[in-house]
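A.B. asks: My structure is stored as target32.cif, with mmCIF, C-alpha atoms.
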data_input
#
loop_
_atom_site.label_atom_id
_atom_site.label_comp_id
_atom_site.auth_asym_id
_atom_site.auth_seq_id
_atom_site.Cartn_x
_atom_site.Cartn_y
_atom_site.Cartn_z
CA MET A 11 109.68 91.76 74.59
CA LEU A 12 110.29 90.81 70.97
CA CYS A 13 110.04 93.77 68.60
CA LEU A 14 108.46 92.87 65.26
CA ARG A 15 110.16 95.79 63.54
CA CYS A 16 113.77 95.16 64.47
CA ASN A 17 113.43 91.46 65.44
CA ARG A 18 115.24 92.10 68.71
CA VAL A 19 114.22 91.12 72.20
CA ASP A 20 115.05 94.57 73.51
CA GLY A 21 112.62 96.52 71.34
CA TRP A 22 111.85 99.47 73.61
CA TYR A 23 113.38 101.99 71.22
CA CYS A 24 111.03 100.89 68.44
CA LEU A 25 108.11 100.93 70.86
CA VAL A 26 108.82 104.52 71.81
CA SER A 27 109.32 105.47 68.16
CA LEU A 28 106.01 103.92 67.19
CA ILE A 29 104.13 105.75 69.92
CA LEU A 30 105.79 109.06 69.12
CA SER A 31 104.82 108.69 65.47
CA HIS A 32 101.13 108.39 66.38
CA PRO A 33 99.06 111.51 65.53
CA GLN A 34 97.93 111.74 69.13
CA TYR A 35 101.50 112.59 70.14
CA THR A 36 102.84 114.44 67.11
CA GLY A 37 99.98 116.85 66.46
CA LEU A 38 98.22 117.31 69.77
CA LYS A 39 97.85 120.98 70.77
CA GLY A 40 100.44 122.16 68.28
CA GLY A 41 103.08 119.63 69.28
CA PHE A 42 104.83 118.91 72.54
CA MET A 43 107.94 120.89 71.94
CA GLU A 44 106.18 124.24 72.11
CA GLU A 45 106.36 123.94 75.89
CA GLU A 46 110.09 123.30 75.98
CA PHE A 47 113.27 125.27 75.51
CA SER A 48 115.22 124.23 72.44
CA SER A 49 118.83 123.32 73.08
CA ALA A 50 119.96 126.36 71.07
CA GLN A 51 117.81 128.75 73.13
CA TYR A 52 119.07 127.21 76.35
CA ALA A 53 122.74 127.52 75.28
CA GLU A 54 122.19 131.14 74.17
CA LEU A 55 120.72 132.17 77.52
CA ARG A 56 123.53 130.47 79.43
CA HIS A 57 126.14 132.17 77.24
CA ALA A 58 124.56 135.55 78.02
CA GLY A 59 125.00 134.84 81.72
CA LYS A 60 121.30 134.85 82.49
CA LYS A 61 120.11 132.71 85.40
CA ILE A 62 117.33 130.39 84.32
CA ALA A 63 115.38 127.64 86.04
CA THR A 64 116.04 124.05 85.03
CA ALA A 65 113.31 123.15 82.58
CA SER A 66 111.76 119.74 82.28
CA THR A 67 113.22 118.05 79.22
CA ASP A 68 112.22 115.74 76.40
CA LYS A 69 108.47 115.99 76.88
CA SER A 70 107.69 113.54 74.08
CA LEU A 71 109.93 110.84 75.50
CA ARG A 72 108.96 111.69 79.05
CA THR A 73 105.23 111.34 78.33
CA VAL A 74 105.71 107.99 76.62
CA LEU A 75 107.80 106.71 79.53
CA LEU A 76 105.09 107.89 81.91
CA ALA A 77 102.54 105.81 80.00
CA VAL A 78 104.85 102.79 80.09
CA LEU A 79 105.41 103.29 83.84
CA PHE A 80 101.66 103.24 84.46
CA GLN A 81 101.34 100.09 82.35
CA VAL A 82 104.08 98.04 84.02
CA SER A 83 103.21 99.19 87.56
CA TRP A 84 99.61 97.98 87.51
CA PRO A 85 97.88 97.23 89.87
CA LYS A 86 100.07 99.31 92.16
CA ARG A 87 98.94 102.90 92.58
CA LEU A 88 101.70 105.48 92.10
CA ALA A 89 102.16 108.61 94.19
CA ARG A 90 103.28 111.83 92.54
CA GLN A 91 106.70 111.83 94.18
CA GLU A 92 107.26 108.19 93.27
CA ILE A 93 106.60 108.94 89.60
CA ILE A 94 108.97 111.92 89.64
CA GLN A 95 111.72 109.79 91.23
CA GLN A 96 111.36 107.05 88.62
CA LEU A 97 111.29 109.50 85.69
CA PRO A 98 114.14 111.98 86.34
CA LEU A 99 113.15 114.19 83.41
CA TYR A 100 111.18 116.83 85.29
CA GLY A 101 112.56 120.25 86.15
CA GLU A 102 112.21 122.49 89.18
CA ASN A 103 108.42 122.49 88.96
CA PRO A 104 107.82 118.74 88.60
CA LYS A 105 104.22 118.72 89.84
CA ARG A 106 103.08 121.12 87.15
CA ALA A 107 104.98 119.26 84.40
CA LEU A 108 103.68 115.88 85.58
CA TYR A 109 100.09 117.10 85.64
CA ARG A 110 100.50 118.46 82.10
CA ASP A 111 101.78 115.05 80.98
CA ILE A 112 98.82 113.29 82.59
CA GLU A 113 96.49 115.73 80.86
CA THR A 114 98.20 114.90 77.56
CA LEU A 115 97.72 111.18 78.12
CA THR A 116 94.10 111.41 79.28
CA ASP A 117 92.75 114.63 77.72
CA CYS A 118 91.55 115.42 81.26
CA GLN A 119 92.87 117.73 83.95
CA VAL A 120 93.95 115.87 87.07
CA GLU A 121 91.10 117.43 89.08
CA ASP A 122 88.61 115.93 86.63
CA LEU A 123 89.97 112.37 86.64
CA PRO A 124 87.60 109.79 88.18
CA GLU A 125 88.17 108.00 91.47
CA PRO A 126 88.93 104.26 91.19
CA ASP A 127 85.50 103.41 92.64
CA THR A 128 83.55 105.94 90.57
CA GLU A 129 80.18 104.78 89.28
CA ASN A 130 80.12 104.16 85.53
CA LEU A 131 83.92 103.88 85.45
CA ALA A 132 83.68 101.11 82.84
CA GLU A 133 81.76 103.40 80.47
CA TRP A 134 84.36 106.16 80.93
CA CYS A 135 87.17 103.67 80.23
CA ALA A 136 85.43 102.51 77.05
CA ASP A 137 85.08 106.12 75.91
CA GLN A 138 88.75 106.79 76.62
CA ARG A 139 89.74 103.76 74.57
CA ARG A 140 87.49 104.87 71.71
CA ARG A 141 89.11 108.34 71.79
CA LYS A 142 92.59 106.72 72.03
CA TYR A 143 93.43 108.19 75.43
CA LEU A 144 94.58 106.47 78.61
CA ALA A 145 92.09 105.72 81.39
CA ILE A 146 93.94 106.90 84.52
CA THR A 147 92.15 107.18 87.87
CA TYR A 148 93.10 109.58 90.65
CA GLU A 149 92.49 108.66 94.28
CA ARG A 150 92.31 111.97 96.11
CA TYR A 151 92.57 110.51 99.61
CA THR A 152 96.01 108.99 98.89
CA HIS A 153 96.99 111.31 95.99
CA THR A 154 97.83 108.31 93.83
CA PHE A 155 97.33 107.44 90.15
CA CYS A 156 96.72 104.12 88.38
CA LEU A 157 95.64 102.83 85.00
CA ALA A 158 92.07 101.53 85.03
CA GLN A 159 92.57 99.55 81.82
CA SER A 160 95.57 98.39 79.83
CA PHE A 161 96.48 100.23 76.64
CA PHE A 162 97.86 96.94 75.26
CA SER A 163 95.68 93.85 74.82
CA ILE A 164 96.26 90.25 73.82
CA ASP A 165 94.06 87.51 72.40
CA ILE A 166 94.32 83.95 73.68
CA GLY A 167 93.15 80.72 72.07
CA GLU A 168 91.04 77.80 73.24
CA ASP A 169 93.94 75.80 74.69
CA GLU A 170 95.42 78.85 76.41
CA ALA A 171 92.04 79.60 78.00
CA ARG A 172 91.84 76.02 79.32
CA ALA A 173 95.36 76.28 80.73
CA PHE A 174 94.58 79.65 82.31
CA VAL A 175 91.51 78.26 84.11
CA ALA A 176 93.48 75.19 85.22
CA LEU A 177 96.16 77.41 86.75
CA GLN A 178 93.62 79.64 88.48
CA GLU A 179 91.78 76.72 90.03
CA GLY A 180 94.86 74.59 90.64
CA PHE A 181 96.70 77.21 92.70
CA SER A 182 94.07 77.52 95.41
CA PRO A 183 94.90 78.88 98.91
CA GLY A 184 97.52 76.72 100.60
CA THR A 185 99.18 75.44 97.42
CA PRO A 186 102.81 76.40 96.63
CA TYR A 187 103.09 80.15 96.04
CA ALA A 188 99.31 80.40 95.54
CA GLU A 189 99.09 84.12 96.34
CA ALA A 190 102.00 85.04 94.07
CA VAL A 191 100.70 82.88 91.20
CA GLN A 192 97.18 84.33 91.48
CA HIS A 193 98.64 87.85 91.47
CA LEU A 194 100.65 87.01 88.35
CA LEU A 195 97.59 85.55 86.63
CA LYS A 196 95.61 88.66 87.55
CA ARG A 197 98.19 90.88 85.87
CA TRP A 198 98.11 88.63 82.81
CA GLU A 199 94.31 88.61 82.69
CA TRP A 200 94.31 92.40 82.78
CA LEU A 201 95.79 92.35 79.27
CA PHE A 202 93.05 90.15 77.82
CA THR A 203 90.70 91.45 75.16
CA GLU A 204 86.97 91.20 75.84
CA LYS A 205 86.87 88.20 73.51
CA SER A 206 89.54 86.48 75.62
CA HIS A 207 87.64 87.27 78.85
CA GLN A 208 84.54 85.66 77.38
CA LEU A 209 86.55 82.60 76.37
CA VAL A 210 87.91 82.18 79.91
CA ARG A 211 84.43 82.54 81.41
CA GLN A 212 83.16 79.91 78.98
CA LYS A 213 85.89 77.42 79.96
CA ARG A 214 85.28 78.04 83.67
CA LYS A 215 81.62 77.04 83.29
CA ARG A 216 82.52 73.57 81.98
CA HIS A 217 81.51 70.78 84.34
CA ALA A 218 84.22 68.41 83.11
CA ARG A 219 87.66 69.91 83.56
CA PRO A 220 90.17 68.97 80.84
CA VAL A 221 93.08 69.54 83.24
CA LEU A 222 93.27 69.06 87.00
CA LEU A 223 96.39 70.03 88.94
CA PRO A 224 96.70 67.93 92.14
CA LEU A 225 98.44 70.66 94.12
CA SER A 226 96.11 70.86 97.12
CA PRO A 227 98.07 70.35 100.35
CA VAL A 228 97.22 67.58 102.80
CA VAL A 229 97.10 70.02 105.73
CA ASP A 230 96.34 73.72 106.02
CA TYR A 231 99.54 75.61 105.21
CA SER A 232 97.97 79.07 105.39
CA GLN A 233 99.68 79.86 108.72
CA HIS A 234 103.03 78.66 107.35
CA GLY A 235 103.21 80.93 104.30
CA GLU A 236 105.75 83.28 105.90
CA THR A 237 107.92 80.32 106.95
CA ILE A 238 107.98 78.98 103.38
CA LEU A 239 108.98 82.37 101.96
CA LEU A 240 111.72 82.82 104.59
CA LEU A 241 113.14 79.36 103.81
CA ASP A 242 113.12 80.21 100.10
CA GLN A 243 114.97 83.47 100.85
CA ALA A 244 117.50 81.63 103.01
CA LEU A 245 118.24 79.24 100.14
CA GLU A 246 118.66 82.19 97.77
CA GLU A 247 120.86 84.16 100.18
CA ASN A 248 122.84 81.11 101.47
CA ALA A 249 121.84 81.97 105.05
CA TYR A 250 121.81 79.58 107.99
CA VAL A 251 118.45 79.32 109.75
CA SER A 252 117.23 78.38 113.23
CA PHE A 253 113.71 77.38 114.28
CA ALA A 254 111.56 75.55 116.81
CA TYR A 255 110.34 72.16 115.61
CA THR A 256 107.86 69.56 116.82
CA PRO A 257 108.61 66.06 115.42
CA LEU A 258 105.81 64.03 113.87
CA THR A 259 106.19 61.47 116.67
CA GLN A 260 105.06 64.08 119.22
CA SER A 261 101.84 65.97 119.82
CA TRP A 262 101.69 69.58 118.62
CA ASP A 263 101.13 70.58 122.26
CA ALA A 264 104.52 69.14 123.26
CA GLU A 265 107.46 71.41 123.91
CA PRO A 266 109.19 72.12 120.55
CA VAL A 267 112.86 71.36 120.00
CA LEU A 268 115.13 74.24 118.96
CA HIS A 269 117.17 73.46 115.82
CA GLU A 270 119.93 76.03 115.53
CA HIS A 271 122.24 77.00 112.69
CA THR A 272 120.93 74.53 110.11
CA GLU A 273 122.36 74.80 106.61
CA PRO A 274 119.55 74.95 103.99
CA TYR A 275 119.86 72.43 101.19
CA GLU A 276 116.44 72.08 99.57
CA LEU A 277 112.80 73.17 99.82
CA GLU A 278 110.42 70.77 98.09
CA TYR A 279 106.66 70.36 97.71
CA ARG A 280 105.84 66.69 97.36
CA ASP A 281 102.70 64.59 97.89
CA GLY A 282 100.77 67.48 99.44
CA HIS A 283 103.46 68.53 101.93
CA TRP A 284 106.33 71.03 102.09
CA TYR A 285 109.68 69.53 103.10
CA TYR A 286 112.75 71.48 104.16
CA THR A 287 116.06 69.61 103.87
CA ALA A 288 119.05 70.88 105.83
CA TYR A 289 122.51 69.76 106.87
CA VAL A 290 122.73 69.50 110.67
CA PHE A 291 126.27 69.98 111.96
CA ALA A 292 125.67 68.32 115.35
CA LEU A 293 124.58 65.07 113.66
CA ASN A 294 126.85 65.35 110.60
CA THR A 295 123.94 64.41 108.35
CA PHE A 296 121.03 65.74 106.31
CA LEU A 297 117.54 65.86 107.82
CA ASP A 298 114.13 66.33 106.22
CA TYR A 299 111.75 68.59 108.14
CA ARG A 300 108.01 68.90 107.55
CA VAL A 301 107.41 72.64 107.23
CA ASP A 302 104.00 72.45 108.94
CA ARG A 303 105.81 71.17 112.07
CA ILE A 304 108.00 74.28 112.28
CA ARG A 305 106.46 76.64 114.84
CA PRO A 306 105.05 79.73 113.05
CA GLY A 307 107.09 82.83 113.89
CA SER A 308 110.05 80.87 115.27
CA LEU A 309 112.21 80.73 112.13
CA ARG A 310 115.00 83.27 111.84
CA LYS A 311 117.86 83.75 109.40
CA ASP A 312 121.31 83.86 110.96
CA ARG A 313 123.80 86.55 109.98
CA ASP A 314 126.58 84.34 108.66
CA ARG A 315 126.47 82.70 105.23
CA PHE A 316 127.62 79.41 103.69
CA SER A 317 129.14 78.64 100.30
CA PRO A 318 126.49 77.14 97.99
CA GLY A 319 127.12 73.90 96.14
CA VAL A 320 129.94 72.73 98.37
CA ARG A 321 127.93 70.18 100.33
CA GLN A 322 126.05 67.46 98.41
CA ARG A 323 123.58 64.98 99.82
CA PRO A 324 124.99 61.53 98.99
CA GLY A 325 121.67 59.72 99.13
CA VAL A 326 121.28 55.97 99.55
CA LYS A 327 121.49 53.41 96.74
CA ILE A 328 118.45 51.16 96.66
CA ARG A 329 117.43 48.16 94.61
CA TYR A 330 113.96 46.65 94.29
CA TRP A 331 111.94 44.17 92.24
CA VAL A 332 108.93 45.24 90.19
CA SER A 333 106.06 42.90 89.28
CA PRO A 334 105.58 41.71 85.67
CA MET A 335 102.40 43.81 85.37
CA LEU A 336 104.17 47.10 86.10
CA ALA A 337 107.24 46.13 84.10
CA ARG A 338 105.14 44.97 81.14
CA HIS A 339 103.32 48.30 80.86
CA GLY A 340 106.38 50.42 81.58
CA SER A 341 104.68 52.06 84.60
CA LEU A 342 107.96 53.04 86.23
CA SER A 343 108.34 56.76 86.94
CA ALA A 344 111.88 58.08 87.27
CA ARG A 345 111.84 58.87 90.98
CA LEU A 346 115.46 57.92 91.67
CA ARG A 347 118.68 59.67 90.81
CA GLU A 348 120.70 57.72 88.19
CA GLN A 349 117.80 55.29 87.88
CA GLN A 350 118.39 52.10 85.86
CA VAL A 351 115.80 49.46 84.92
CA THR A 352 116.76 45.89 83.99
CA MET A 353 114.00 43.79 82.43
CA LEU A 354 114.03 40.12 83.52
CA GLU A 355 113.59 37.28 81.08
CA ASP A 356 110.43 35.18 80.69
CA ASP A 357 108.19 38.02 81.89
CA GLN A 358 109.53 37.87 85.45
CA GLY A 359 109.30 41.59 86.06
CA ALA A 360 112.18 44.04 86.38
CA ILE A 361 114.91 45.20 88.73
CA VAL A 362 115.11 48.92 89.46
CA GLU A 363 118.10 50.58 91.10
CA GLY A 364 119.19 54.12 91.79
CA TYR A 365 119.75 56.67 94.53
CA ALA A 366 116.98 57.84 96.88
CA LYS A 367 117.31 60.79 99.24
CA SER A 368 117.15 58.53 102.28
CA VAL A 369 115.77 55.21 103.47
CA TRP A 370 112.70 57.05 104.73
CA TRP A 371 112.00 58.48 101.27
CA ALA A 372 112.71 55.10 99.64
CA ARG A 373 110.21 53.44 101.97
CA ARG A 374 107.55 56.01 101.05
CA LEU A 375 108.24 55.41 97.35
CA LEU A 376 107.89 51.63 97.54
CA LEU A 377 104.77 51.76 99.71
CA GLY A 378 103.11 53.74 96.93
CA TYR A 379 103.37 50.68 94.65
CA GLY A 380 101.70 48.36 97.18
CA GLU A 381 102.17 44.64 96.57
CA GLN A 382 103.70 45.25 93.13
CA VAL A 383 107.26 45.77 94.46
CA LYS A 384 109.73 44.15 96.84
CA ALA A 385 112.76 45.82 98.45
CA LEU A 386 116.08 44.03 97.79
CA GLU A 387 118.80 46.43 98.99
CA PRO A 388 120.04 47.89 101.28
CA GLU A 389 119.24 45.75 104.30
CA GLN A 390 118.03 48.79 106.24
CA LEU A 391 115.33 49.40 103.60
CA VAL A 392 114.36 45.71 103.54
CA LEU A 393 113.92 45.73 107.34
CA ALA A 394 111.95 48.99 107.24
CA MET A 395 109.55 47.58 104.62
CA SER A 396 109.22 44.30 106.54
CA ASP A 397 108.40 46.12 109.79
CA THR A 398 105.80 48.27 108.03
CA VAL A 399 104.12 45.29 106.37
CA GLN A 400 104.00 43.38 109.67
CA ALA A 401 102.52 46.37 111.46
CA MET A 402 99.84 46.72 108.79
CA ASN A 403 99.10 42.99 108.99
CA ARG A 404 98.62 43.22 112.75
CA LEU A 405 96.09 46.04 112.27
CA TYR A 406 94.00 43.87 109.97
CA GLU A 407 94.36 40.80 112.19
CA GLU A 408 92.92 42.78 115.14
CA GLU A 409 89.70 43.35 113.20
CA LYS A 410 89.02 39.64 112.75
#
Show this structure as structure tokens.
C.D. replies:
Amino acid sequence: MLCLRCNRVDGWYCLVSLILSHPQYTGLKGGFMEEEFSSAQYAELRHAGKKIATASTDKSLRTVLLAVLFQVSWPKRLARQEIIQQLPLYGENPKRALYRDIETLTDCQVEDLPEPDTENLAEWCADQRRRKYLAITYERYTHTFCLAQSFFSIDIGEDEARAFVALQEGFSPGTPYAEAVQHLLKRWEWLFTEKSHQLVRQKRKRHARPVLLPLSPVVDYSQHGETILLLDQALEENAYVSFAYTPLTQSWDAEPVLHEHTEPYELEYRDGHWYYTAYVFALNTFLDYRVDRIRPGSLRKDRDRFSPGVRQRPGVKIRYWVSPMLARHGSLSARLREQQVTMLEDDQGAIVEGYAKSVWWARRLLLGYGEQVKALEPEQLVLAMSDTVQAMNRLYEEEK
């Protein structure tokens, strides 16, 4: 967070100072410090040998930190003991001190706070905002607290509203990290002013979308969400993984093959599918697995770990010709590592070369260009493209 007063990213001290300088905190009920021992009084009692209970300390700071904790924890509801553990500023009677702090923030006793599903909660929140108090709800069944509305708000512009709607609609169920992205957007939207909410609703009603994100998967990945997260964790933790896998050449009903102790290399979402790349020791090579072919519930992380960055996928160097039409318009996306494009004279097209992940991936890339490209090297790629074209030709010949 950038502080506008001190021009530092870490501006929490200024934030606390600003809140403490507000009349709500400096003058309320005669000031906070009436409830606390001064340091001089505390030292005097200890010097006299009197046994005293440990008092809660720094009420002003403690109350501000409590407000910040509620803000950053939303939408999670916080139990009393959880709050006390995260704010180690309460004494031997933490419940009483905490409830006094909540009363300070809300101008309501805990017993009078509304439930989260209380009727007319919106009106109560608006009144709290008008009176410059926090709107905290208390769920009596779980004994938990939560802010009902943010005490910070932000305004967004036209372009930001369009982008927000595009993200919400683009990350639909089944897309990469859809649930996590929607949760993040929800927390962001919570900070919007009413004007910003209206702007988002206005953009969502548009029939013509200015931005479309083609993230929808080709198949239903809803049952593979846990597998994707576990693979991501394995990559982060450098953990070997094992799983049961059914190849694309076999029916899903066939007996899956157990792939043990694979070394994670990459997890990629491409062309509507999730692909997991791993080094397989038994074959001394890298393999690409379709995540939707991994049996749900079969993936497990092994105990031992590998050193990251040691093993690199060499890839395969390919070379292909591009038609004059594509070359003329520069319609050549950089899909290869170390890609180089050489324009041919007399409008004869171009030669593209670089490193693909494998011959299989290179074949998929060239098929996407249709008749506008021709494989030149390596021979394995040329044969793969030739076989594919002949197979497609036979399919069309059968229809005649």
A.B. asks: Apply the PyMOL selection byres ((chain A and resi 118-122) around 10) to the displayed file and report the matching residues as a ChimeraX atom specification.
C.D. replies: /A:108-117,123-125,143-148,150,155
A.B. asks: Would you mind telling me which residue in A:His339, A:Arg315, A:Arg347, A:Arg300 lies nearest to Thr272 in chain A when using all atoms listed in the file?
C.D. replies: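 Nearest candidate to Thr272 in chain A out of A:His339, A:Arg315, A:Arg347, A:Arg300: A:Arg315.
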A.B. asks: Could you state the separation of CA of His234 in chain A and CA of Arg345 in chain A in Å, given to one decimal place?
C.D. replies: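 Spanning CA of His234 in chain A to CA of Arg345 in chain A is a straight-line distance of 27.2 Å.
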A.B. asks: Considering all atoms listed in the file, return as a tab-separated table (two decimals) with C-alpha atoms, keeping the file's coordinate frame whatever protein or nucleic-acid residues lie within 10 Å of Arg72 in chain A, sequence-local ones (same chain, fewer than 5 positions apart) excluded.
C.D. replies:
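out-v9.tsv written:
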chain	number	residue	atom	x	y	z
A	66	SER	CA	111.76	119.74	82.28
A	67	THR	CA	113.22	118.05	79.22
A	77	ALA	CA	102.54	105.81	80.00
A	78	VAL	CA	104.85	102.79	80.09
A	97	LEU	CA	111.29	109.50	85.69
A	98	PRO	CA	114.14	111.98	86.34
A	99	LEU	CA	113.15	114.19	83.41
A	100	TYR	CA	111.18	116.83	85.29
A	108	LEU	CA	103.68	115.88	85.58
A	111	ASP	CA	101.78	115.05	80.98
A.B. asks: Determine the residue membership of the PyMOL selection byres ((chain A and resi 369) around 10) for the file above and supply it as an NGL selection string.
C.D. replies: :A and (325-328 or 365-368 or 370-375 or 388 or 390-392 or 394-395)
A.B. asks: Could you save those same residues with C-alpha atoms as a PDB file, keeping the file's coordinate frame?
C.D. replies:
ATOM      1  CA  GLY A 325     121.670  59.720  99.130  1.00  0.00           C
ATOM      2  CA  VAL A 326     121.280  55.970  99.550  1.00  0.00           C
ATOM      3  CA  LYS A 327     121.490  53.410  96.740  1.00  0.00           C
ATOM      4  CA  ILE A 328     118.450  51.160  96.660  1.00  0.00           C
ATOM      5  CA  TYR A 365     119.750  56.670  94.530  1.00  0.00           C
ATOM      6  CA  ALA A 366     116.980  57.840  96.880  1.00  0.00           C
ATOM      7  CA  LYS A 367     117.310  60.790  99.240  1.00  0.00           C
ATOM      8  CA  SER A 368     117.150  58.530 102.280  1.00  0.00           C
ATOM      9  CA  TRP A 370     112.700  57.050 104.730  1.00  0.00           C
ATOM     10  CA  TRP A 371     112.000  58.480 101.270  1.00  0.00           C
ATOM     11  CA  ALA A 372     112.710  55.100  99.640  1.00  0.00           C
ATOM     12  CA  ARG A 373     110.210  53.440 101.970  1.00  0.00           C
ATOM     13  CA  ARG A 374     107.550  56.010 101.050  1.00  0.00           C
ATOM     14  CA  LEU A 375     108.240  55.410  97.350  1.00  0.00           C
ATOM     15  CA  PRO A 388     120.040  47.890 101.280  1.00  0.00           C
ATOM     16  CA  GLN A 390     118.030  48.790 106.240  1.00  0.00           C
ATOM     17  CA  LEU A 391     115.330  49.400 103.600  1.00  0.00           C
ATOM     18  CA  VAL A 392     114.360  45.710 103.540  1.00  0.00           C
ATOM     19  CA  ALA A 394     111.950  48.990 107.240  1.00  0.00           C
ATOM     20  CA  MET A 395     109.550  47.580 104.620  1.00  0.00           C
TER      21      MET A 395
END
A.B. asks: What does the distance between CA of Leu195 in chain A and CA of Cys135 in chain A come to in Å, to one decimal place?
C.D. replies: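 According to the coordinates, CA of Leu195 in chain A and CA of Cys135 in chain A are separated by 21.9 Å.
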A.B. asks: Point out the residue among A:Ser70, A:Thr185, A:Gln91, A:Gln212 with the least atom-to-atom distance to Val228 in chain A, counting all atoms listed in the file.
C.D. replies: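 That would be A:Thr185, the residue with the smallest distance to Val228 in chain A.
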A.B. asks: Find, counting only C-alpha atoms, the residue in A:Pro266, A:Gly101, A:Pro85, A:Gly364 that gets nearest to Thr352 in chain A.
C.D. replies: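 That would be A:Gly364, the residue with the smallest distance to Thr352 in chain A.
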A.B. asks: Which distance in Å separates CA of Tyr250 in chain A and CA of Glu270 in chain A, to one decimal?
C.D. replies: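 Pair CA of Tyr250 in chain A / CA of Glu270 in chain A returns 8.5 Å.
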A.B. asks: Fewer than 6 positions away in the same chain doesn't count, so skip those; otherwise give me all residues within 10 Å of range 244-246 of chain A, counting all atoms listed in the file, as a PyMOL selection string.
C.D. replies: chain A and resi 238+273-277+310-312+315+318
A.B. asks: For this file, the PyMOL selection byres ((chain A and resi 309) around 8) selects which residues, as a short mmCIF file (atom, residue, chain, number, x, y, z; two decimals) with C-alpha atoms, in the frame of the given file?
C.D. replies:
data_model
loop_
_atom_site.label_atom_id
_atom_site.label_comp_id
_atom_site.auth_asym_id
_atom_site.auth_seq_id
_atom_site.Cartn_x
_atom_site.Cartn_y
_atom_site.Cartn_z
CA THR A 237 107.92 80.32 106.95
CA LEU A 240 111.72 82.82 104.59
CA VAL A 251 118.45 79.32 109.75
CA SER A 252 117.23 78.38 113.23
CA PHE A 253 113.71 77.38 114.28
CA ALA A 254 111.56 75.55 116.81
CA ILE A 304 108.00 74.28 112.28
CA ARG A 305 106.46 76.64 114.84
CA PRO A 306 105.05 79.73 113.05
CA GLY A 307 107.09 82.83 113.89
CA SER A 308 110.05 80.87 115.27
CA ARG A 310 115.00 83.27 111.84
CA LYS A 311 117.86 83.75 109.40
#
A.B. asks: Which residues, written as a list in words, have at least one atom at most 8 Å from range 197-201 of chain A, with all atoms listed in the file counted and residues fewer than 5 positions away on the same chain left out?
C.D. replies: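 With the cut-off at 8 Å, the set is Trp84, Pro85, Gln159, Ser160, Phe162, Ser163, Ile164 and His207 of chain A.
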A.B. asks: Could you please take those selected residues and save C-alpha atoms as a short mmCIF file (atom, residue, chain, number, x, y, z; two decimals), in the coordinates of the input?
C.D. replies:
data_model
loop_
_atom_site.label_atom_id
_atom_site.label_comp_id
_atom_site.auth_asym_id
_atom_site.auth_seq_id
_atom_site.Cartn_x
_atom_site.Cartn_y
_atom_site.Cartn_z
CA TRP A 84 99.61 97.98 87.51
CA PRO A 85 97.88 97.23 89.87
CA GLN A 159 92.57 99.55 81.82
CA SER A 160 95.57 98.39 79.83
CA PHE A 162 97.86 96.94 75.26
CA SER A 163 95.68 93.85 74.82
CA ILE A 164 96.26 90.25 73.82
CA HIS A 207 87.64 87.27 78.85
#
A.B. asks: Of the residues A:Val210, A:Glu247, A:Arg139, A:Leu386, which is the one nearest to Glu170 in chain A, using only C-alpha atoms?
C.D. replies: A:Val210
A.B. asks: Can you pull out every residue within 9 Å of Arg303 in chain A, counting all atoms listed in the file, but drop anything in the same chain fewer than 6 positions away, and send it as a list of chain:residue names?
C.D. replies: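 Near neighbours after the sequence-gap exclusion: A:Ala254, A:Tyr255, A:Thr256, A:Pro257, A:Leu258, A:Trp262.
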A.B. asks: Could you tell me which of A:Val320, A:Glu179, A:Phe296, A:Glu265 comes closest to Asn248 in chain A if we count only C-alpha atoms?
C.D. replies: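 The closest residue to Asn248 in chain A is A:Val320.
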A.B. asks: Would you list the contacts of Trp284 in chain A as a ChimeraX atom specification, taking every protein, DNA or RNA residue within 6 Å and counting only C-alpha atoms, but skipping same-chain residues closer than 4 positions in sequence?
C.D. replies: /A:278-279,301
A.B. asks: Could you give me the axis-aligned bounding box of range 304-314 of chain A, with 4 Å of padding per side, as centre plus edge lengths in Å to one decimal, as JSON?
C.D. replies:
{"center_x": 115.8, "center_y": 80.4, "center_z": 112.0, "size_x": 29.5, "size_y": 20.3, "size_z": 14.6}
A.B. asks: Identify which of the residues A:Pro183, A:Ala264, A:Arg214, A:Asp357 lies closest to Ser226 in chain A, counting all atoms listed in the file when measuring atom-to-atom distances.
C.D. replies: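 Looking only at the distances to Ser226 in chain A, the closest residue turns out to be A:Pro183.
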